[in-house]
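A.B. asks: Right, I'll just put the structure down here and ask away after.
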Amino acid sequence: MNSFFESRSVAARGCSVLPFLVFLVLANTSWLLPGADVDSIDVVSRFVDRHCLECHDDATAKGDLDLLALEFLPGQPANRNRWIEIFDRIEKGEMPPPDKAGDLAGESRASLVKTLGGILRETDRKQIVASGRGSLRRLTRTEYQDNLRDLLQLPNLRVADRLPEDRHAHGFTKVAELLDMSRVQMDGYLDAAEAALRLAVASGVAPPVLENDRFTGTDLFPGLTTFGEREAMFFARDGKMIPISNDGFKKMTPDQRTNPDLELALFRSATWPYYGYPRGFRARQSGEYRVRFSGRAVRQLPGFRLVPALDPLPMSFRSRQPSGPDVSGDVQETGGWMDLLPEAKEFETTILLKAGETFEYSLLGLPVPFIRTDGGFFYDFPPMPPEGHRGAAIQWLEITGPLSPEPWPPASHRVLFGDLPIRQSEKGSSLAIEVVSEHPQADAEKLFRAFADKAARHPVSPEAQKIYLDLIGEKFEQGASFADAMLLGYEAFLCSGHFLYLTEPGKDAPFALASRLSHFLWNSRPDETLLAKAADGSLANPEVLLAEADRLIADPRIERFVKNFTDQWLDLRDLRRDIPDIRLYPEYRKDDYLVDSMERETEAFFTAMIRDNLPATVLVDSEFTYLNDRLAAHYGLPRESGSAMRKVELPDWSPYGGLLTQASVLKLTSNGTTTSPVLRGVWVMEKLMGDRPPPPPKSVPAIEPDIRGATTIRDLLAKHTESGSCLACHARFDPVGFALENFDIMGAWRDRYRGLEKGEKITGYDPAGHPFEYRIGPEVEPSGKLRNGETFENVHELKHLLAANPRPLGRNLLHQLTLYSTGTSVRFSERPQIEAMLDRCEPGGYRVGDLIRELITSDLFTGLIESDPRG
């Protein structure tokens with residue numbers, strides 16, 4: 001038999017599916033469990049026969065569901081998952097929909113939910129007890145990079161881009177069933193391991209010579225001007241511009257060119273087209289360099305006069321190749337954000353450079369010049385605002401490096417070769433040094449066994465290590481140097497299952513539990529303290545496990561969890577995906593500082609959710625957020641000074657507060673041109689509420705917003721949902737999206753829409769000096785009605801309604817954390833355990849730290865599976 005139900009010919013004659021179902025059960029009961037008897041199947045079959053086939057036979061198959069073709073094989077995970085989807089729809093009252101339910105009584109639905117749920121739950125639990133709740137999985141590319149960073153003690157290692165991108169499900173890359181291995185991926189791991197190991201080896205017998213370069217006067221910049229003409233950059237003395245032409249520069253003496261009384265005055269951001277680095281500097285070797293400089297924040301007034309700024313000016317540096325504006329290679333922000341003040345001050349930071357790279361000044365939040373073609377081709381600077389152009393004046397700059405760790409050789413080298421002596425390598429060697437060993441075989445075995453025990457995150461038997469030692473021995477016999485042979489053995493081990501894969505923890509797997517905890521909270525290997533707890537067996541004690549979790553959360557490496565989890569759960573990695581449409585939103589042209597600040601706000605906020613153990617309701621509403629100068633202005637809040645994020649209490653009138661209305665979320669759920677209640681509503685329901693809507697029907701086209709300004713998105717959606725099936729689905733998410741329509745594509749408040757053709761004309765100049773014109777259109781209507789009948793007039797009232805029911809927020813967060821930390825979604829039979837965790841967290845308001853601690857001590861995390869899910 002191919003179907004759980006009768007063939008279409010039988011169904012078409014209006015016959016019951018029950019006789020067929022009884023035959024199926026009697027013919028093959030291998031999939032049944034205790035409680036899943038013929039009477040149970042009778043309940044399911046009668047319900048389906050009476051209430052479901054009208055919409056879900058082979059002729060209609062609404063929602064791509066054909067119950068005539070769907071078998072009932074709950075022992076098969078894919079089939080069971082399909083029936084779980086059906087179960088969820090029935091339990092929520094969505095299937096059959098209210099207008100099709102007819103005389104369906106609550107008891108009938110409840111009976112089906114109890115019976116079908118019991119079969120699915122028992123089948124799922126039996127499989128977990130027999131095989132575990134998930135499979136082993138390989139490291140993601142960011143986990144591989146972080147493991148290498150910690151193992152080799154190379155904190156700035158960057159090899160993730162050498163690996164293929166990991167697949168993801170609902171944003172998450174740590175999904176066991178998606179983390180397969182291919183030849184392409186193995187080639188990537190081999191390449192990444194080799195690159196990391198060679199970086200770990202000492203770059204010479206002695207540390208690199210520390211060199212110091214000092215730049216003053218015209219040496220502070222590669223040219224006498226930059227894109228944007230004189231207003232964008234000039235040299236000044238005593239607050240006045242010093243005009244220097246090319247001919248004049250040629251006539252200047254070296255002392256005149258490097259006159260320390262000259263300041264570099266810069267008034268534009270580092271966005272293309274731009275290059276602005278100290279004249280002639282190139283990094284001699286890859287590594288860290290210390291940069292010291294003196295600078296101040298200034299304003300440029302008419303006549304190219306410099307006066308102190310009114311506010312601090314944030315800046316950073318960018319590593320890059322020393323080319324022109326069309327940069328080749330990587331451009332990376334380095335050195336962190338620093339705030340220049342109105343009075344000159346000395347600053348010091350550390351930057352990371354590759355050999356041959358230089359670094360440029362990157363002033364944050366300043367204009368980008370405007371390309372002009374009228375009267376020639378040139379870059380014009382924006383009109384001067386009343387208070388003058390904001391900018392920086394640099395007096396001098398020193399760079400020292402490359403910085404070398406003490407003692408030498410560095411710690412990364414000693415991880416590989418211990419204290420064996422080194423000497424300069426022979427000509428033609430791929431390494432700068434040679435490791436000297438008087439007893440190569442003995443030293444190789446000693447070094448490799450120590451490396452393998454540390455790299456594997458668990459003890460590795462001598463038998464398992466032998467294959468790698470044999471490989472090293474073969475290289476010795478072929479005449480390879482000691483270092484080259486060892487590196488090949490290390491590389492092979494770093495691409496083996498001992499290093500690449502994480503196993504499921506369980507009763508006799510304390511090291512797997514340690515790795516699960518560290519990869520959850522640090523995205524990397526356990527440290528020595530955690531491994532020691534695994535080795536002595538104490539990690540199995542819930543109190544010890546929680547104490548270790550608290551220790552990991554307090555460590556700076558928790559930033560990795562915050563970064564990776566928010567990137568995946570909230571889609572924060574896509575924050576820079578869509579560029580604002582400058583026709584409608586010219587004020588956002590190339591405002592990278594704003595976008596970077598959005599990201600930092602969300603990361604700081606989520607860190608506080610964990611460390612301050614905040615209630616789950618802060619997902620939708622809070623009395624505070626984290627702001628800097630740019631975000632405060634963006635949100636229309638009182639001014640803040642400087643680029644650093646700080647906790648700010650929000651006034652009662654502010655619509656902000658909670659992840660729901662953070663600019664990062666509101667930008668992510670826009671497309672750069674328009675906002676959509678559908679996209680925002682779906683995102684909120686899935687990512688925050690845990691109510692994932694079904695995919696839209698393939699036959700229904702997407703809604704195209706009217707950027708002319710003639711029709712509002714609410715009007716377009718009203719026409720779109722005239723169909724009953726569309727209306728029922730959109731009722732799940734559109735109302736939430738309507739409440740967020742008061743926020744534009746970048747999360748700023750608005751009362752009216754913008755368009756290009758209809759409405760009141762607005763003109764001006766954007767931050768790059770481009771003239772713009774757009775129209776103010778219809779008023780935003782943010783009111784709505786939730787599916788439970790509750791109504792709201794604005795986003796304040798929506799927040800109140802969502803926060804009044806915090807359990808779904810806590811439940812969803814537990815589900816998201818479970819998938820991220822274990823690589824497997826919450827299984828159907830584990831739902832009661834999730835509810836029990838929520839019950840215990842309810843008195844405290846489902847606090848985020850409490851939820852994490854409940855998860856860590858549950859068998860979902862520890863792998864200590866009991867046969868009874870209620871045990």
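Chain labels follow the order of the structure tokens: the first chain is A, the next B, and so on; residue numbering restarts at 1 in every chain, and ligands are counted from 1 in their shown order.
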For region 251-262 of chain A, find every residue with an atom within 12 Å (counting only C-alpha atoms), except residues of its own chain fewer than 5 positions away, and show them as an MDAnalysis selection string.

C.D. replies: chainID A and resid 214:221 223:224 234:246 278:279 294 393:397

A.B. asks: Any chance you could list, as a ChimeraX atom specification, the residues in region 156-348 of chain A that come up helix (DSSP H, G or I) when DSSP is run on the backbone?

C.D. replies: /A:160-162,176-178,183-200,217-220,230-232,246-251,254-257

A.B. asks: Can I get the selected residues back with N, CA and C atoms, as a compact mmCIF listing (two decimals), in the first residue's frame?

C.D. replies:
```txt
# COMPACT_ATOMS: atom_id res chain seq x y z
N ALA A 160 38.84 31.55 8.07
CA ALA A 160 37.48 31.11 7.78
C ALA A 160 37.13 31.28 6.31
N ASP A 161 37.63 32.33 5.68
CA ASP A 161 37.29 32.58 4.28
C ASP A 161 37.93 31.57 3.33
N ARG A 162 38.83 30.75 3.82
CA ARG A 162 39.41 29.69 2.99
C ARG A 162 38.47 28.50 2.88
N ALA A 176 23.29 19.95 12.60
CA ALA A 176 24.07 18.73 12.36
C ALA A 176 23.79 18.12 11.00
N GLU A 177 22.52 18.04 10.61
CA GLU A 177 22.19 17.35 9.37
C GLU A 177 22.63 18.11 8.12
N LEU A 178 23.00 19.39 8.27
CA LEU A 178 23.47 20.18 7.13
C LEU A 178 24.99 20.24 7.04
N ARG A 183 34.56 16.79 -0.85
CA ARG A 183 35.95 16.93 -1.23
C ARG A 183 36.36 18.40 -1.25
N VAL A 184 35.47 19.26 -1.70
CA VAL A 184 35.76 20.69 -1.73
C VAL A 184 35.97 21.21 -0.32
N GLN A 185 35.13 20.76 0.61
CA GLN A 185 35.30 21.21 1.99
C GLN A 185 36.59 20.69 2.60
N MET A 186 36.91 19.42 2.31
CA MET A 186 38.15 18.87 2.85
C MET A 186 39.37 19.62 2.30
N ASP A 187 39.33 19.98 1.03
CA ASP A 187 40.43 20.78 0.46
C ASP A 187 40.55 22.11 1.20
N GLY A 188 39.39 22.70 1.54
CA GLY A 188 39.40 23.96 2.27
C GLY A 188 39.99 23.81 3.66
N TYR A 189 39.62 22.73 4.37
CA TYR A 189 40.17 22.51 5.70
C TYR A 189 41.68 22.27 5.64
N LEU A 190 42.13 21.51 4.65
CA LEU A 190 43.57 21.28 4.50
C LEU A 190 44.31 22.60 4.26
N ASP A 191 43.72 23.44 3.42
CA ASP A 191 44.33 24.73 3.10
C ASP A 191 44.38 25.62 4.35
N ALA A 192 43.26 25.65 5.09
CA ALA A 192 43.20 26.49 6.29
C ALA A 192 44.17 25.99 7.35
N ALA A 193 44.23 24.67 7.55
CA ALA A 193 45.14 24.12 8.56
C ALA A 193 46.59 24.41 8.21
N GLU A 194 46.96 24.23 6.94
CA GLU A 194 48.34 24.49 6.54
C GLU A 194 48.70 25.96 6.76
N ALA A 195 47.80 26.87 6.36
CA ALA A 195 48.07 28.30 6.52
C ALA A 195 48.22 28.66 7.99
N ALA A 196 47.37 28.11 8.86
CA ALA A 196 47.44 28.42 10.28
C ALA A 196 48.73 27.88 10.90
N LEU A 197 49.09 26.66 10.56
CA LEU A 197 50.29 26.07 11.13
C LEU A 197 51.55 26.84 10.73
N ARG A 198 51.62 27.28 9.49
CA ARG A 198 52.80 28.01 9.04
C ARG A 198 52.88 29.39 9.69
N LEU A 199 51.73 29.98 9.96
CA LEU A 199 51.75 31.25 10.70
C LEU A 199 52.20 31.06 12.14
N ALA A 200 51.96 29.87 12.67
CA ALA A 200 52.32 29.60 14.06
C ALA A 200 53.82 29.43 14.25
N GLY A 217 53.98 66.78 9.13
CA GLY A 217 53.84 67.65 7.96
C GLY A 217 53.16 66.95 6.80
N THR A 218 53.69 67.13 5.60
CA THR A 218 53.06 66.58 4.40
C THR A 218 53.22 65.06 4.32
N ASP A 219 54.08 64.47 5.14
CA ASP A 219 54.22 63.02 5.13
C ASP A 219 53.02 62.32 5.78
N LEU A 220 52.15 63.08 6.41
CA LEU A 220 50.97 62.47 7.04
C LEU A 220 49.95 61.98 6.02
N ARG A 230 39.64 70.90 -2.31
CA ARG A 230 40.30 71.50 -1.17
C ARG A 230 39.49 71.38 0.12
N GLU A 231 38.16 71.44 0.03
CA GLU A 231 37.36 71.37 1.26
C GLU A 231 37.46 70.01 1.93
N ALA A 232 37.83 68.97 1.18
CA ALA A 232 37.90 67.62 1.74
C ALA A 232 39.18 67.38 2.53
N ASN A 246 51.58 71.47 -6.41
CA ASN A 246 52.57 70.47 -6.81
C ASN A 246 53.93 71.11 -7.08
N ASP A 247 53.90 72.25 -7.78
CA ASP A 247 55.17 72.93 -8.07
C ASP A 247 55.80 73.44 -6.78
N GLY A 248 54.97 73.97 -5.90
CA GLY A 248 55.50 74.46 -4.63
C GLY A 248 56.07 73.34 -3.79
N PHE A 249 55.43 72.18 -3.83
CA PHE A 249 55.91 71.04 -3.06
C PHE A 249 57.30 70.60 -3.53
N LYS A 250 57.50 70.64 -4.85
CA LYS A 250 58.80 70.23 -5.40
C LYS A 250 59.92 71.16 -4.92
N LYS A 251 59.59 72.39 -4.66
CA LYS A 251 60.60 73.37 -4.25
C LYS A 251 60.86 73.35 -2.75
N PRO A 254 63.28 69.12 2.54
CA PRO A 254 62.77 68.05 3.39
C PRO A 254 62.27 68.54 4.74
N ASP A 255 62.96 69.50 5.35
CA ASP A 255 62.53 70.02 6.64
C ASP A 255 61.21 70.77 6.51
N GLN A 256 61.04 71.49 5.41
CA GLN A 256 59.78 72.21 5.19
C GLN A 256 58.62 71.23 4.99
N ARG A 257 58.89 70.14 4.27
CA ARG A 257 57.83 69.16 4.02
C ARG A 257 57.39 68.46 5.31
```

A.B. asks: Select, from A:His498, A:Leu631, A:Gly132, A:Ala804, the residue with the minimum atom-to-atom distance to Val618 (chain A), counting only C-alpha atoms.

C.D. replies: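 So, comparing all the options, the nearest one is A:Ala804.
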
A.B. asks: So the first atom is CA of His168 (chain A) and the second is CA of Ile553 (chain A); what is the distance between them in Å, to one decimal place?

C.D. replies: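 According to the coordinates, CA of His168 (chain A) and CA of Ile553 (chain A) are separated by 25.4 Å.
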
A.B. asks: Residues at most 8 Å from Tyr593 (chain A), counting only C-alpha atoms, excluding those fewer than 2 positions away in the same chain, as a PyMOL selection string?

C.D. replies: chain A and resi 364-365+591+595-597+630

A.B. asks: Using 10 Å as the limit and counting only C-alpha atoms, can you tabulate each residue of region 505-600 of chain A that touches region 440-460 of chain A, with its shortest atom-to-atom distance in Å and the two atoms involved, as CSV?

C.D. replies:
```
residue,atom,partner,partner_atom,distance
A:Ala509,CA,A:His458,CA,9.4
A:Pro510,CA,A:His458,CA,9.0
A:Phe511,CA,A:His458,CA,5.6
A:Ala512,CA,A:His458,CA,7.7
A:Ala514,CA,A:Arg457,CA,8.5
A:Ser515,CA,A:Arg457,CA,7.0
A:Arg525,CA,A:Arg457,CA,6.7
A:Pro526,CA,A:Arg457,CA,7.0
A:Asp527,CA,A:Arg457,CA,9.0
A:Glu528,CA,A:Lys454,CA,9.1
A:Leu531,CA,A:Arg457,CA,7.6
A:Ala534,CA,A:His458,CA,9.1
A:Ala535,CA,A:His458,CA,8.8
```

A.B. asks: Please produce a file of the residues just selected, as a PDB file, in the first residue's frame, where the atoms kept are C-alpha atoms.

C.D. replies:
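Result file is out-v6.pdb:
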```
ATOM      1  CA  ALA A 509      31.197  11.115  27.500  1.00  0.00           C
ATOM      2  CA  PRO A 510      32.244  13.951  29.844  1.00  0.00           C
ATOM      3  CA  PHE A 511      34.653  15.420  27.290  1.00  0.00           C
ATOM      4  CA  ALA A 512      31.853  15.667  24.717  1.00  0.00           C
ATOM      5  CA  ALA A 514      32.742  19.961  27.905  1.00  0.00           C
ATOM      6  CA  SER A 515      33.067  20.562  24.161  1.00  0.00           C
ATOM      7  CA  ARG A 525      37.445  24.329  22.403  1.00  0.00           C
ATOM      8  CA  PRO A 526      37.285  23.875  26.194  1.00  0.00           C
ATOM      9  CA  ASP A 527      40.079  25.484  28.175  1.00  0.00           C
ATOM     10  CA  GLU A 528      42.257  23.545  30.607  1.00  0.00           C
ATOM     11  CA  LEU A 531      38.825  19.811  30.477  1.00  0.00           C
ATOM     12  CA  ALA A 534      35.597  16.562  32.461  1.00  0.00           C
ATOM     13  CA  ALA A 535      38.613  14.399  33.297  1.00  0.00           C
TER      14      ALA A 535
END
```

A.B. asks: Rounded to one decimal in Å, what is the spacing between CA of Val298 (chain A) and CA of Ser643 (chain A)?

C.D. replies: 16.3 Å

A.B. asks: I'd like the interatomic distance between CA of Asn523 (chain A) and CA of Arg141 (chain A), to a tenth of an Å.

C.D. replies: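 Computing it gives 10.5 Å between the two atoms.
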
A.B. asks: Show me, as number ranges by chain, the residues that have an atom within 12 Å of Thr140 (chain A) when counting only C-alpha atoms, minus same-chain residues fewer than 5 positions from it.

C.D. replies: A: 145-147, 160-161, 163-168, 172-176, 178-181, 185, 189, 499-502, 519, 523-524, 564, 820, 823

A.B. asks: Go through region 657-798 of chain A and collect every residue that DSSP, computed from the backbone, puts in strand (DSSP E); the answer should be as a list in words.

C.D. replies: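 Matching residues for strand (DSSP E) in region 657-798 of chain A are Arg752, Tyr753, Arg754, Gly755, Glu760, Lys761, Ile762, Thr763, Gly764, Tyr765, Pro771, Phe772, Glu773, Tyr774, Arg775, Ile776, Gly777, Pro778, Glu779, Gly784, Lys785, Thr791 and Phe792 of chain A.
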
A.B. asks: A:Thr675, A:Thr358, A:Asn613, A:Thr818: which is nearest Gln321 (chain A), counting only C-alpha atoms?

C.D. replies: A:Thr358

A.B. asks: Just checking: using only C-alpha atoms, which residue out of A:Leu584, A:Leu666, A:Ala392, A:Val159 ends up closest to Tyr774 (chain A)?

C.D. replies: A:Leu584

A.B. asks: Counting only C-alpha atoms, which residue out of A:Leu860, A:Val544, A:Ile119, A:Met384 sits closest to Thr529 (chain A)?

C.D. replies: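 Result for the nearest residue to Thr529 (chain A): A:Val544.
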
A.B. asks: Could you pull the residues within 12 Å of Ala206 (chain A), counting only C-alpha atoms, minus those fewer than 2 positions along the same chain, as a ChimeraX atom specification?

C.D. replies: /A:202-204,208-210,404-410,421-424,432-433

A.B. asks: Pick out the residues sitting within 12 Å of Pro556 (chain A), and hand them over as a list in words; count only C-alpha atoms, and ignore anything fewer than 3 positions along from it in its own chain.

C.D. replies: Leu521, Trp522, Arg551, Leu552, Ile553, Glu559, Arg560, Phe561, Val562, Thr607 and Arg611 of chain A

A.B. asks: Write out as a list in words the residues lying within 10 Å of Ile128 (chain A), counting only C-alpha atoms and excluding same-chain residues fewer than 2 positions away.

C.D. replies: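 Listing them by chain and then by number gives Glu122, Thr123, Asp124, Arg125, Lys126, Ala130, Ser131, Gly132, Arg133, Gly134, Arg827, Ser829, Glu830, Gly863, Ile865, Glu866 and Ser867 of chain A.
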